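One structure is given here, and the rest of the page talks about it.
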Amino acid sequence: MARTQAAAGADLAQSLVESYSVNARTIQLVLEHLDPAAWRAKPPDSRVRTMATISSHLHNMRLKWLRLSAPQLRRPGQLHGARCSQDETIAALAKSAEACCEMIAGALDSQRKRPAMFLRDGWARPWPAGAAMVAYMISHEAHHRGQMCMLAHQLGFALPAKFAYKIWAWERLWKECGFTHPR
């Protein structure tokens, strides 16, 4: 019985890591297919929010989660939205996603001596590491991915139709990320 529960826990932990990884890949795809002319273009409502500021915020939030919840892990450097390049941001997001996957895997490791906690912000109450933590991380990133897609459209740089479909084809992305299939 205990062995079955441990196997089920390991399977759930792996599923959560894979789910976050596939989510992170969709963000990479948005940036990889974004017209470089859109990177610093100002939105029509004249707010300062640009693709660069949205993307750097996303990366920097990951770094905050890592700093607060897994300080033992190595973190890439922060990005500054006014100075980061599109290529630099794509590379930084790949590194921060990898570190977040490592954080999730470590937090959900059944061999841990004490339960891991997730701190999404310094002011927020800690949550026990688990599915809610990963759901929060994915939904936060999906919100910003949606902002990027909407902003690209508003700026006249709509993402190519072939690509736009790809970010919704999770089974295909799952395989592209090296996993067998969604669990």
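Chain labels follow the order of the structure tokens: the first chain is A, the next B, and so on; residue numbering restarts at 1 in every chain, and ligands are counted from 1 in their shown order.
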Fewer than 3 positions away in the same chain doesn't count, so skip those; otherwise give me all residues within 12 Å of stretch 43-58 of chain A, counting only C-alpha atoms, as a PyMOL selection string. chain A and resi 24+27-28+30-31+34-40+61-65+77-94+96-97+137-157
Just the residues within 12 Å of stretch 70-73 of chain A, please, counting only C-alpha atoms, with nothing from its chain fewer than 2 positions along; format it as a short mmCIF file (atom, residue, chain, number, x, y, z; two decimals) with N, CA and C atoms, in the first residue's frame.
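What landed in selection08.cif:
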```cif
data_model
loop_
_atom_site.label_atom_id
_atom_site.label_comp_id
_atom_site.auth_asym_id
_atom_site.auth_seq_id
_atom_site.Cartn_x
_atom_site.Cartn_y
_atom_site.Cartn_z
N ARG A 62 9.47 34.69 -11.66
CA ARG A 62 10.01 33.34 -11.44
C ARG A 62 11.19 33.40 -10.47
N LEU A 63 12.04 34.40 -10.66
CA LEU A 63 13.19 34.53 -9.77
C LEU A 63 12.75 34.79 -8.34
N LYS A 64 11.67 35.56 -8.15
CA LYS A 64 11.15 35.81 -6.80
C LYS A 64 10.66 34.51 -6.19
N TRP A 65 9.91 33.72 -6.97
CA TRP A 65 9.43 32.43 -6.45
C TRP A 65 10.60 31.56 -6.02
N LEU A 66 11.63 31.54 -6.85
CA LEU A 66 12.80 30.72 -6.54
C LEU A 66 13.53 31.25 -5.30
N ARG A 67 13.72 32.55 -5.22
CA ARG A 67 14.42 33.14 -4.08
C ARG A 67 13.67 32.86 -2.78
N LEU A 68 12.34 33.00 -2.81
CA LEU A 68 11.56 32.82 -1.60
C LEU A 68 11.31 31.35 -1.24
N ARG A 75 19.99 30.73 -9.44
CA ARG A 75 19.04 31.51 -10.24
C ARG A 75 19.79 32.33 -11.27
N PRO A 76 19.20 32.46 -12.47
CA PRO A 76 19.80 33.36 -13.45
C PRO A 76 19.62 34.81 -12.99
N LYS A 95 16.17 29.57 -18.84
CA LYS A 95 16.90 29.23 -17.60
C LYS A 95 16.00 29.31 -16.38
N SER A 96 15.16 30.34 -16.31
CA SER A 96 14.30 30.46 -15.12
C SER A 96 13.24 29.37 -15.12
N GLU A 98 13.68 26.32 -16.30
CA GLU A 98 14.40 25.11 -15.87
C GLU A 98 14.56 25.10 -14.35
N ALA A 99 14.91 26.26 -13.79
CA ALA A 99 15.07 26.34 -12.33
C ALA A 99 13.73 26.14 -11.63
N CYS A 100 12.64 26.66 -12.20
CA CYS A 100 11.32 26.46 -11.59
C CYS A 100 10.92 24.98 -11.63
N CYS A 101 11.25 24.30 -12.72
CA CYS A 101 10.98 22.85 -12.78
C CYS A 101 11.76 22.12 -11.70
N GLU A 102 13.00 22.53 -11.49
CA GLU A 102 13.82 21.93 -10.44
C GLU A 102 13.21 22.22 -9.06
N MET A 103 12.71 23.44 -8.87
CA MET A 103 12.07 23.80 -7.61
C MET A 103 10.83 22.94 -7.36
N ILE A 104 10.00 22.79 -8.40
CA ILE A 104 8.78 21.98 -8.27
C ILE A 104 9.14 20.53 -7.93
N ALA A 105 10.08 19.97 -8.68
CA ALA A 105 10.48 18.58 -8.43
C ALA A 105 11.01 18.40 -7.01
N GLY A 106 11.83 19.33 -6.55
CA GLY A 106 12.38 19.23 -5.20
C GLY A 106 11.32 19.41 -4.13
N ALA A 107 10.39 20.32 -4.37
CA ALA A 107 9.34 20.59 -3.39
C ALA A 107 8.40 19.40 -3.25
N ALA A 116 7.75 21.08 1.94
CA ALA A 116 8.20 22.33 1.30
C ALA A 116 7.03 23.31 1.28
N MET A 117 7.38 24.59 1.29
CA MET A 117 6.38 25.64 1.23
C MET A 117 6.64 26.49 -0.02
N PHE A 118 5.58 27.06 -0.55
CA PHE A 118 5.67 27.95 -1.71
C PHE A 118 5.29 29.36 -1.28
N LEU A 119 6.18 30.28 -1.49
CA LEU A 119 5.91 31.70 -1.21
C LEU A 119 5.85 32.42 -2.54
N ARG A 120 4.67 32.85 -2.91
CA ARG A 120 4.52 33.52 -4.20
C ARG A 120 4.92 34.97 -4.13
N ALA A 129 3.65 23.10 -0.68
CA ALA A 129 4.00 22.77 -2.06
C ALA A 129 3.05 21.70 -2.57
#
```
Using only C-alpha atoms, which protein or nucleic acid residues come within 7 Å of stretch 173-180 of chain A? Drop anything in the same chain fewer than 3 positions from it, and give the result as a short mmCIF file (atom, residue, chain, number, x, y, z; two decimals) with N, CA and C atoms, in the first residue's frame.
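Contents of around_23.cif, freshly written:
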```cif
data_model
loop_
_atom_site.label_atom_id
_atom_site.label_comp_id
_atom_site.auth_asym_id
_atom_site.auth_seq_id
_atom_site.Cartn_x
_atom_site.Cartn_y
_atom_site.Cartn_z
N VAL A 22 5.73 22.37 -20.09
CA VAL A 22 5.00 22.61 -21.35
C VAL A 22 4.44 24.03 -21.36
N ALA A 169 -1.81 23.25 -28.91
CA ALA A 169 -1.66 21.82 -29.19
C ALA A 169 -0.76 21.19 -28.12
N TRP A 170 -1.30 21.05 -26.91
CA TRP A 170 -0.49 20.60 -25.79
C TRP A 170 0.05 19.20 -25.96
#
```
Please measure the separation of atom CA of A:Arg25 and atom CA of A:Arg125, giving the value in Å to one decimal. 28.7 Å
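Backbone DSSP over stretch 65-130 of chain A yields helix (DSSP H, G or I) at Trp65, Leu66, Arg67, Leu68, Ser69, Gln86, Asp87, Glu88, Thr89, Ile90, Ala91, Ala92, Leu93, Ala94, Lys95, Ser96, Ala97, Glu98, Ala99, Cys100, Cys101, Glu102, Met103, Ile104, Ala105, Gly106 and Ala107 of chain A.
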I need the residues from that last selection saved to file as a PDB file, in the first residue's frame (with C-alpha atoms), if you can.
```pdb
ATOM      1  CA  TRP A  65       9.433  32.430  -6.447  1.00  0.00           C
ATOM      2  CA  LEU A  66      12.804  30.724  -6.544  1.00  0.00           C
ATOM      3  CA  ARG A  67      14.415  33.143  -4.075  1.00  0.00           C
ATOM      4  CA  LEU A  68      11.555  32.820  -1.598  1.00  0.00           C
ATOM      5  CA  SER A  69      10.721  29.119  -1.998  1.00  0.00           C
ATOM      6  CA  GLN A  86      14.424  39.730 -27.214  1.00  0.00           C
ATOM      7  CA  ASP A  87      17.119  37.040 -27.569  1.00  0.00           C
ATOM      8  CA  GLU A  88      18.467  37.719 -24.081  1.00  0.00           C
ATOM      9  CA  THR A  89      14.950  37.383 -22.666  1.00  0.00           C
ATOM     10  CA  ILE A  90      14.266  34.125 -24.513  1.00  0.00           C
ATOM     11  CA  ALA A  91      17.481  32.663 -23.060  1.00  0.00           C
ATOM     12  CA  ALA A  92      16.757  33.991 -19.550  1.00  0.00           C
ATOM     13  CA  LEU A  93      13.197  32.605 -19.595  1.00  0.00           C
ATOM     14  CA  ALA A  94      14.528  29.183 -20.590  1.00  0.00           C
ATOM     15  CA  LYS A  95      16.905  29.233 -17.604  1.00  0.00           C
ATOM     16  CA  SER A  96      14.301  30.460 -15.123  1.00  0.00           C
ATOM     17  CA  ALA A  97      11.806  27.841 -16.360  1.00  0.00           C
ATOM     18  CA  GLU A  98      14.396  25.112 -15.868  1.00  0.00           C
ATOM     19  CA  ALA A  99      15.071  26.339 -12.331  1.00  0.00           C
ATOM     20  CA  CYS A 100      11.315  26.458 -11.589  1.00  0.00           C
ATOM     21  CA  CYS A 101      10.976  22.853 -12.780  1.00  0.00           C
ATOM     22  CA  GLU A 102      13.817  21.929 -10.438  1.00  0.00           C
ATOM     23  CA  MET A 103      12.065  23.803  -7.608  1.00  0.00           C
ATOM     24  CA  ILE A 104       8.779  21.985  -8.267  1.00  0.00           C
ATOM     25  CA  ALA A 105      10.478  18.582  -8.432  1.00  0.00           C
ATOM     26  CA  GLY A 106      12.378  19.227  -5.200  1.00  0.00           C
ATOM     27  CA  ALA A 107       9.337  20.585  -3.390  1.00  0.00           C
TER      28      ALA A 107
END
```
Residue nearest A:Asp121 - candidates A:Asn60, A:Asp11, A:Thr26, A:Ala41, atoms counted: only C-alpha atoms: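 Among the listed residues, A:Asn60 lies closest to A:Asp121.
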Tell me, which residues of stretch 12-144 of chain A carry DSSP strand (DSSP E or B), written as a PyMOL selection string? chain A and resi 117-118+127-128
Using only C-alpha atoms, which of A:Leu29, A:Ala164, A:Gly130, A:Pro182 sits nearest A:Asp109?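 Looking at the shortest contact to A:Asp109, the residue is A:Gly130.
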In Å to one decimal, how far is atom CA of A:Ser110 from atom CA of A:Leu16?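 Interatomic distance here is 13.9 Å.
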Atom CA of A:Ser19 to atom CA of A:Lys166, distance in Å rounded to a single decimal: 15.8 Å
Between A:Leu108, A:Ala161, A:Arg183, A:Asn23, which is the closest to A:Ala132 once you count only C-alpha atoms? A:Leu108
